[in-house]
Amino acid sequence: MSNTDSAAVDVSSTPADGFTAVPDGKVLRVTITNPKRKNAVGYDTMVALGDTFVNAAADKSVRAIVLTGAGGDFCTGADLTATVREAQRGITPDMTMDAANRLVQAIVDAPIPVIARVKGAAAGVGVALALAADLVYASDDAYLLLAFINIGLMPDGGAAAMIAAAAGRPLAAEMALLGERLSAPAAKQAGLFTAVVPEAELDQKVEAAAAKLATGPRRALELTKQALNQATLTSLAPALAAEKSGQTELLTSPDFLEGATAMLTKRKPVFED
């Protein structure tokens, strides 16, 4: 990222975007606002969120970003109910993957620390959004879920690569291949969460970290984040490319059609032999 001075960039948004981005002093508070769908995100929301993180990176007044979800969940991944409408608008699987990958990369590449505040479910691409953050604070009722395999898809957003980088290949394989929940305490033990606290203490934990970062040396924080990413996330870019290729294929497959239909109609999927 450029280290030259720049004017403040407008990063505000409205709930109509599927999220809000509200400057609060030197902290930008980004909240996904689709609680009726447990904060699932569609194509438009992912594009606008990506823009928000890119713009915030260029705004010298922003020293920290807090990413969270409205209501009881962080983010449950892609909004399958929006896929038909998106297809009618000409949004292709390839475009959806580009939007998701750009958003995750923008979080990782931001020259300012990003804090994920996780309550309830972080599922699907929501896992990637949480783990792309530099600090992940979760309530004790939170969980991670790579549910892709349950609907005929593969993990995306670099989630498997980030899990493997922090916790190792065996746990990444278990989560990706079995599609089962990983509780917040287990995620903390595996090194995926920074801290897990009772729900009543979550905001206090997040705010203490955000306040400290907001008064920190921006360039030193940026270079520290770069060094950490270079040491631990060298596989992220290749993983995103491989996921785009594989997921684009799977999103047009009969297994995904069956898996998505089964999920929306609350029945067990029957995949092809």
# chains A, B, ... in the order shown; residues from 1 in each chain; ligands from 1

call {"tool": "select_by_dssp", "arguments": {"residues": "stretch 3-112 of chain A", "states": "strand (DSSP E)", "output": "VMD selection string"}}
result
chain A and resid 19 to 24 27 to 32 64 to 69

call {"tool": "write_last_selection", "arguments": {"atoms": "N, CA and C atoms", "output": "PDB file, in the first residue's frame"}}
result
ATOM      1  N   PHE A  19     -24.932  -3.422   4.612  1.00  0.00           N
ATOM      2  CA  PHE A  19     -24.013  -3.200   5.717  1.00  0.00           C
ATOM      3  C   PHE A  19     -23.955  -1.702   5.993  1.00  0.00           C
ATOM      4  N   THR A  20     -23.383  -1.346   7.128  1.00  0.00           N
ATOM      5  CA  THR A  20     -23.093   0.050   7.420  1.00  0.00           C
ATOM      6  C   THR A  20     -21.601   0.189   7.698  1.00  0.00           C
ATOM      7  N   ALA A  21     -21.041   1.329   7.344  1.00  0.00           N
ATOM      8  CA  ALA A  21     -19.652   1.650   7.650  1.00  0.00           C
ATOM      9  C   ALA A  21     -19.653   3.033   8.276  1.00  0.00           C
ATOM     10  N   VAL A  22     -19.446   3.089   9.573  1.00  0.00           N
ATOM     11  CA  VAL A  22     -19.628   4.327  10.329  1.00  0.00           C
ATOM     12  C   VAL A  22     -18.310   4.752  10.965  1.00  0.00           C
ATOM     13  N   PRO A  23     -17.743   5.886  10.556  1.00  0.00           N
ATOM     14  CA  PRO A  23     -16.542   6.400  11.225  1.00  0.00           C
ATOM     15  C   PRO A  23     -16.854   6.785  12.667  1.00  0.00           C
ATOM     16  N   ASP A  24     -15.998   6.398  13.576  1.00  0.00           N
ATOM     17  CA  ASP A  24     -16.147   6.713  14.993  1.00  0.00           C
ATOM     18  C   ASP A  24     -14.775   7.128  15.502  1.00  0.00           C
ATOM     19  N   VAL A  27     -11.676   5.012  14.436  1.00  0.00           N
ATOM     20  CA  VAL A  27     -12.116   3.633  14.213  1.00  0.00           C
ATOM     21  C   VAL A  27     -13.271   3.625  13.218  1.00  0.00           C
ATOM     22  N   LEU A  28     -13.167   2.768  12.207  1.00  0.00           N
ATOM     23  CA  LEU A  28     -14.268   2.575  11.263  1.00  0.00           C
ATOM     24  C   LEU A  28     -15.018   1.318  11.670  1.00  0.00           C
ATOM     25  N   ARG A  29     -16.317   1.467  11.914  1.00  0.00           N
ATOM     26  CA  ARG A  29     -17.128   0.337  12.372  1.00  0.00           C
ATOM     27  C   ARG A  29     -17.973  -0.170  11.203  1.00  0.00           C
ATOM     28  N   VAL A  30     -17.666  -1.378  10.754  1.00  0.00           N
ATOM     29  CA  VAL A  30     -18.348  -1.987   9.609  1.00  0.00           C
ATOM     30  C   VAL A  30     -19.238  -3.111  10.123  1.00  0.00           C
ATOM     31  N   THR A  31     -20.534  -3.001   9.848  1.00  0.00           N
ATOM     32  CA  THR A  31     -21.499  -3.969  10.368  1.00  0.00           C
ATOM     33  C   THR A  31     -22.346  -4.520   9.229  1.00  0.00           C
ATOM     34  N   ILE A  32     -22.318  -5.825   9.036  1.00  0.00           N
ATOM     35  CA  ILE A  32     -23.189  -6.474   8.052  1.00  0.00           C
ATOM     36  C   ILE A  32     -24.608  -6.448   8.602  1.00  0.00           C
ATOM     37  N   ALA A  64      -8.049   1.886  12.727  1.00  0.00           N
ATOM     38  CA  ALA A  64      -8.491   0.518  13.006  1.00  0.00           C
ATOM     39  C   ALA A  64      -9.883   0.337  12.428  1.00  0.00           C
ATOM     40  N   ILE A  65     -10.199  -0.902  12.049  1.00  0.00           N
ATOM     41  CA  ILE A  65     -11.523  -1.241  11.530  1.00  0.00           C
ATOM     42  C   ILE A  65     -12.087  -2.382  12.371  1.00  0.00           C
ATOM     43  N   VAL A  66     -13.319  -2.239  12.801  1.00  0.00           N
ATOM     44  CA  VAL A  66     -14.028  -3.303  13.503  1.00  0.00           C
ATOM     45  C   VAL A  66     -15.095  -3.850  12.572  1.00  0.00           C
ATOM     46  N   LEU A  67     -15.031  -5.133  12.291  1.00  0.00           N
ATOM     47  CA  LEU A  67     -15.993  -5.802  11.402  1.00  0.00           C
ATOM     48  C   LEU A  67     -16.853  -6.737  12.218  1.00  0.00           C
ATOM     49  N   THR A  68     -18.177  -6.606  12.089  1.00  0.00           N
ATOM     50  CA  THR A  68     -19.088  -7.453  12.850  1.00  0.00           C
ATOM     51  C   THR A  68     -20.395  -7.630  12.079  1.00  0.00           C
ATOM     52  N   GLY A  69     -21.330  -8.340  12.694  1.00  0.00           N
ATOM     53  CA  GLY A  69     -22.644  -8.532  12.100  1.00  0.00           C
ATOM     54  C   GLY A  69     -23.732  -8.062  13.040  1.00  0.00           C
TER      55      GLY A  69
END

call {"tool": "closest_atom_pairs", "arguments": {"of": "stretch 9-78 of chain A", "to": "stretch 100-109 of chain A", "cutoff": "12 Å", "atoms": "only C-alpha atoms", "output": "CSV"}}
result
residue,atom,partner,partner_atom,distance
A:Val30,CA,A:Ile107,CA,11.7
A:Val41,CA,A:Ala100,CA,9.7
A:Gly42,CA,A:Ala100,CA,9.5
A:Tyr43,CA,A:Ala100,CA,8.0
A:Asp44,CA,A:Ala100,CA,10.4
A:Thr45,CA,A:Ala100,CA,9.7
A:Met46,CA,A:Ala100,CA,6.1
A:Val47,CA,A:Leu103,CA,7.1
A:Ala48,CA,A:Leu103,CA,8.8
A:Leu49,CA,A:Leu103,CA,6.6
A:Gly50,CA,A:Leu103,CA,4.3
A:Asp51,CA,A:Leu103,CA,8.0
A:Thr52,CA,A:Ala106,CA,9.0
A:Phe53,CA,A:Ala106,CA,5.9
A:Val54,CA,A:Ala106,CA,6.0
A:Asn55,CA,A:Ala106,CA,9.7
A:Ala56,CA,A:Ala106,CA,9.8
A:Ala57,CA,A:Asp109,CA,8.5
A:Ala58,CA,A:Asp109,CA,11.5
A:Ala64,CA,A:Ile107,CA,11.4
A:Ile65,CA,A:Ile107,CA,9.4
A:Val66,CA,A:Ile107,CA,10.9
A:Leu67,CA,A:Ile107,CA,9.8
A:Gly77,CA,A:Ala100,CA,10.0
A:Ala78,CA,A:Ala100,CA,9.2

call {"tool": "closest_atom_pairs", "arguments": {"of": "stretch 108-150 of chain A", "to": "stretch 70-75 of chain A", "cutoff": "6 Å", "atoms": "only C-alpha atoms", "output": "JSON lines"}}
result
{"residue": "A:Val118", "atom": "CA", "partner": "A:Phe74", "partner_atom": "CA", "distance": 5.3}
{"residue": "A:Lys119", "atom": "CA", "partner": "A:Asp73", "partner_atom": "CA", "distance": 5.1}
{"residue": "A:Gly120", "atom": "CA", "partner": "A:Asp73", "partner_atom": "CA", "distance": 4.3}
{"residue": "A:Ala121", "atom": "CA", "partner": "A:Asp73", "partner_atom": "CA", "distance": 5.0}
{"residue": "A:Ala122", "atom": "CA", "partner": "A:Cys75", "partner_atom": "CA", "distance": 5.1}
{"residue": "A:Gly126", "atom": "CA", "partner": "A:Cys75", "partner_atom": "CA", "distance": 4.7}

call {"tool": "write_last_selection", "arguments": {"atoms": "N, CA, C and O atoms", "output": "compact mmCIF listing (two decimals), in the first residue's frame"}}
result
# COMPACT_ATOMS: atom_id res chain seq x y z
N VAL A 118 -16.98 -11.45 16.65
CA VAL A 118 -17.76 -12.59 16.19
C VAL A 118 -18.72 -13.07 17.27
O VAL A 118 -18.30 -13.48 18.36
N LYS A 119 -20.00 -13.01 16.94
CA LYS A 119 -21.04 -13.63 17.75
C LYS A 119 -21.75 -14.67 16.90
O LYS A 119 -21.87 -14.52 15.68
N GLY A 120 -22.25 -15.72 17.51
CA GLY A 120 -23.05 -16.69 16.79
C GLY A 120 -22.28 -17.34 15.67
O GLY A 120 -21.12 -17.73 15.81
N ALA A 121 -22.91 -17.43 14.49
CA ALA A 121 -22.34 -18.18 13.38
C ALA A 121 -21.40 -17.35 12.54
O ALA A 121 -21.71 -16.22 12.16
N ALA A 122 -20.24 -17.93 12.24
CA ALA A 122 -19.38 -17.47 11.15
C ALA A 122 -19.26 -18.67 10.24
O ALA A 122 -18.56 -19.64 10.55
N GLY A 126 -18.24 -16.35 5.54
CA GLY A 126 -18.13 -15.64 6.82
C GLY A 126 -16.93 -16.10 7.62
O GLY A 126 -16.35 -15.31 8.38

call {"tool": "residues_around", "arguments": {"residues": "A:Glu201", "least_positions_apart": "6", "cutoff": "10 Å", "atoms": "only C-alpha atoms", "output": "list in words"}}
result
Ala138, Ser139 and Asp140 of chain A

call {"tool": "residues_around", "arguments": {"residues": "A:Ala262", "least_positions_apart": "5", "cutoff": "12 Å", "atoms": "only C-alpha atoms", "output": "PyMOL selection string"}}
result
chain A and resi 80+150-152+255-257+267-271
